[in-house]
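Undergrad: One structure follows; several queries about it will come next.
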Amino acid sequence: MGRLRSLLIPGVDKQLLARDAAKVMPDLARRRFIAGGASLGALTLLTGCDVTDSFSAEEMLKKVSKFNDAVQAFIFNPNTLAPTFPESAITKPFPFNAYYDLDDAPRIDGKDWMLEVRGLVDNQKSWTLEELYKLPQVKQVTRHICVEGWSAIGSWTGTPLRDFLKLVGADTRARYCWFQCADAEGYNSPLDMATALHPQTQMTFKFADEILPRAYGYPMKIRVPTKLGFKNPKYVISMEVTNDYKGGYWEDQGYNSFSGS
Amino acid sequence: MPSLAASDQRAVPTTAKVIQPAWVRTVHWINAVAMIVMIMSGWQVYNASPLFAFLKFSKNITLGDWLGGALLWHFAAMWLLMVNGLFYLALGFATGRFRKKLLPITPGGVISDAKAALTGRLSHDDLTRYNYVQRLLYAGILVVGVLIVLSGLSIWKPVQLQWLTALFGGYDVARYVHFVCMAAIVAFLCVHVALAVLVPKSLRAMIIGR
């Protein structure tokens, strides 16, 4: 905290100062992490001991989160299926949820849209919606669990991702499938290969037997019933098979990267 | 203790009597830190999707500042809570401490001790022996501790541990169980801390052992 303390001005509320400083910072991720640090400072005051400076406590938490990634990858059983439900259990209306409002959700013309496939694949090409619709599809009624705690049961129909990965000749020994989306801030998220190959992980084209509505990610979302909702990207425009950890929209802000259910 | 009372008390200095052995004290305070971090970060997690419309936790008493930060704390402190808790349970059973300190618990004993406590006539002279109300509360909070960890695991891993989640009546019910266990622990904590302040020598025993 020494470095921070020398920056403080007597008579100025440091929480207000931190808040003002956060406001002028352009990068959302930076702002979030610094805000976390500020409340750690409050913990230090509460316990009355000068444990550590907030930034190293933050480093410790990030390390534990990485350790938790490894633990979750270890306990992930590729043959364990997410529970499925009868159609009568479907949550109506199924909630829309994103970092933006529905009005700001991408408006995509299916005729212009293409899915770009890059990275460690034999067949690097872009797929039209028409081509993708021709692939065999399966339906699942599974529970979507949000990192916030709420859950909702939905019906998703599409092509198992593992079938598509086989089709494009993906190197399934690679570590990740990295997805990018069409929204303004460029949502993205890495999916570990073991989960990408899980039988229920799906390139989703339909919700409740209808063409995927805009609210749920038209024209394509990736449905991963073994992960939290934010690991289920919507409005997907590209997939990269890669050994590099490229981060993700929420992952970079501190959500646990594996986030398996 | 009767055997001691019979002998000359001066010959047996009371300071020699260890009320809380070192392992109990160590585990107790590690648990205290883990619990407080779990509860305060848990409240912040709760705020992201409250179970009750009337209840949100003030920023002043939560940890982590936002959902992502709170989850980092929650999923870090859980290891401390679990490892420490398992160590405590293992030693509690192995050393016979649970059996000696917490059993038997009889309804008659609980009722008469509760009455005595409420009328201010419950003796705290011998801290090595728990009265029936203490036994019931300490045994009860152990069960709640186990339940809060298991319900937490079933919320965290409703696919990999779906049998456990099903045991709690499904994902949504497990969230309520987790919440109710938290509420029970907070209620216990209030009484526990208040009584420790009222009987300071019990607090001293948990710090220096005597």
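We label chains A, B, ... in the order they appear in the structure tokens, count residues from 1 in each chain, and number ligands from 1 in the order shown.
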Just need the residues of chain B within 12 Å of chain A, counting only C-alpha atoms, so spit them out as a PyMOL selection string.
TA: chain B and resi 33+36-37+40-51+59-80+152-163+165-166+170-176+178-179
Undergrad: Neighbouring residues of segment 121-128 of chain A were defined as those with any atom within 7 Å, considering only C-alpha atoms; residues of the same chain fewer than 5 positions away were excluded. Please report them as a short mmCIF file (atom, residue, chain, number, x, y, z; two decimals) with N, CA and C atoms, in the first residue's frame.
TA:
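out-v3.cif written:
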data_model
loop_
_atom_site.label_atom_id
_atom_site.label_comp_id
_atom_site.auth_asym_id
_atom_site.auth_seq_id
_atom_site.Cartn_x
_atom_site.Cartn_y
_atom_site.Cartn_z
N TRP A 113 -24.12 -13.28 -43.34
CA TRP A 113 -23.29 -13.82 -42.24
C TRP A 113 -22.48 -15.04 -42.71
N MET A 114 -21.27 -15.13 -42.22
CA MET A 114 -20.47 -16.33 -42.44
C MET A 114 -19.72 -16.67 -41.17
N LEU A 115 -19.51 -17.96 -40.94
CA LEU A 115 -18.71 -18.40 -39.80
C LEU A 115 -17.30 -18.66 -40.31
N GLU A 116 -16.37 -17.87 -39.79
CA GLU A 116 -14.97 -18.04 -40.18
C GLU A 116 -14.33 -19.13 -39.31
N VAL A 168 -14.18 -30.28 -40.20
CA VAL A 168 -13.20 -29.30 -40.68
C VAL A 168 -11.77 -29.77 -40.46
N GLY A 169 -11.62 -30.98 -39.93
CA GLY A 169 -10.27 -31.52 -39.70
C GLY A 169 -9.50 -30.75 -38.65
N ALA A 170 -10.19 -30.45 -37.55
CA ALA A 170 -9.52 -29.71 -36.47
C ALA A 170 -8.53 -30.61 -35.75
N ASP A 171 -7.44 -30.02 -35.30
CA ASP A 171 -6.49 -30.74 -34.44
C ASP A 171 -7.10 -30.78 -33.04
N VAL A 241 -9.18 -22.64 -33.71
CA VAL A 241 -8.63 -23.77 -32.95
C VAL A 241 -7.18 -23.41 -32.65
#
Undergrad: Among segment 155-235 of chain A, which ones does DSSP assign to alpha helix (DSSP H) (computed from the backbone)? Answer as an MDAnalysis selection string.
TA: chainID A and resid 161:167 193:196
Undergrad: Neighbours of Pro107 of chain B within 9 Å (only C-alpha atoms; same-chain residues fewer than 4 positions away dropped), as a ChimeraX atom specification?
TA: /B:111-112,132
Undergrad: Find the spatial neighbours of Val138 of chain A, counting only C-alpha atoms, within a cut-off of 9 Å - ignore same-chain residues fewer than 5 positions away - and output them as a PyMOL selection string.
TA: chain A and resi 156-160+202
Undergrad: Residues as selected, N, CA and C atoms, written as a short mmCIF file (atom, residue, chain, number, x, y, z; two decimals), in the first residue's frame, can you do that?
TA:
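Okay, result.cif is ready:
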data_model
loop_
_atom_site.label_atom_id
_atom_site.label_comp_id
_atom_site.auth_asym_id
_atom_site.auth_seq_id
_atom_site.Cartn_x
_atom_site.Cartn_y
_atom_site.Cartn_z
N TRP A 156 -32.56 -26.31 -27.07
CA TRP A 156 -31.62 -25.89 -28.11
C TRP A 156 -31.41 -27.00 -29.13
N THR A 157 -31.40 -26.60 -30.38
CA THR A 157 -31.19 -27.58 -31.45
C THR A 157 -30.05 -27.11 -32.34
N GLY A 158 -29.16 -28.05 -32.67
CA GLY A 158 -28.05 -27.70 -33.54
C GLY A 158 -27.10 -28.87 -33.74
N THR A 159 -25.95 -28.55 -34.31
CA THR A 159 -24.97 -29.57 -34.66
C THR A 159 -23.96 -29.74 -33.53
N PRO A 160 -23.73 -30.98 -33.08
CA PRO A 160 -22.71 -31.17 -32.06
C PRO A 160 -21.37 -30.59 -32.55
N GLN A 202 -22.74 -27.78 -28.44
CA GLN A 202 -23.51 -27.68 -29.66
C GLN A 202 -23.37 -26.32 -30.36
#
Undergrad: Just want the 9 Å neighbourhood of segment 94-102 of chain B, counted on only C-alpha atoms, with same-chain residues fewer than 2 positions away dropped. Output as a list in words.
TA: Leu89, Ala90, Leu91, Gly92, Pro104, Ile105, Thr128, Arg129, Tyr130, Asn131, Tyr132, Gln134, Arg135, Leu136, Tyr138 and Ala139 of chain B
Undergrad: Near Ala89 of chain A, counting only C-alpha atoms, which residues have an atom at most 10 Å away, once you skip same-chain residues fewer than 3 positions from it, shown as a CSV table (one decimal) with C-alpha atoms, in the first residue's frame?
TA:
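This went into around_28.csv:
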chain,number,residue,atom,x,y,z
A,84,THR,CA,-32.0,-33.2,-19.5
A,85,PHE,CA,-35.6,-32.2,-18.9
A,86,PRO,CA,-39.0,-32.7,-20.4
A,92,LYS,CA,-41.0,-19.3,-20.3
A,141,VAL,CA,-33.5,-29.5,-23.2
A,142,THR,CA,-30.9,-28.5,-20.6
A,143,ARG,CA,-30.4,-26.1,-17.8
A,152,ALA,CA,-33.4,-21.4,-16.7
A,153,ILE,CA,-34.3,-24.4,-18.8
A,154,GLY,CA,-34.2,-24.1,-22.5
A,155,SER,CA,-34.5,-26.1,-25.7
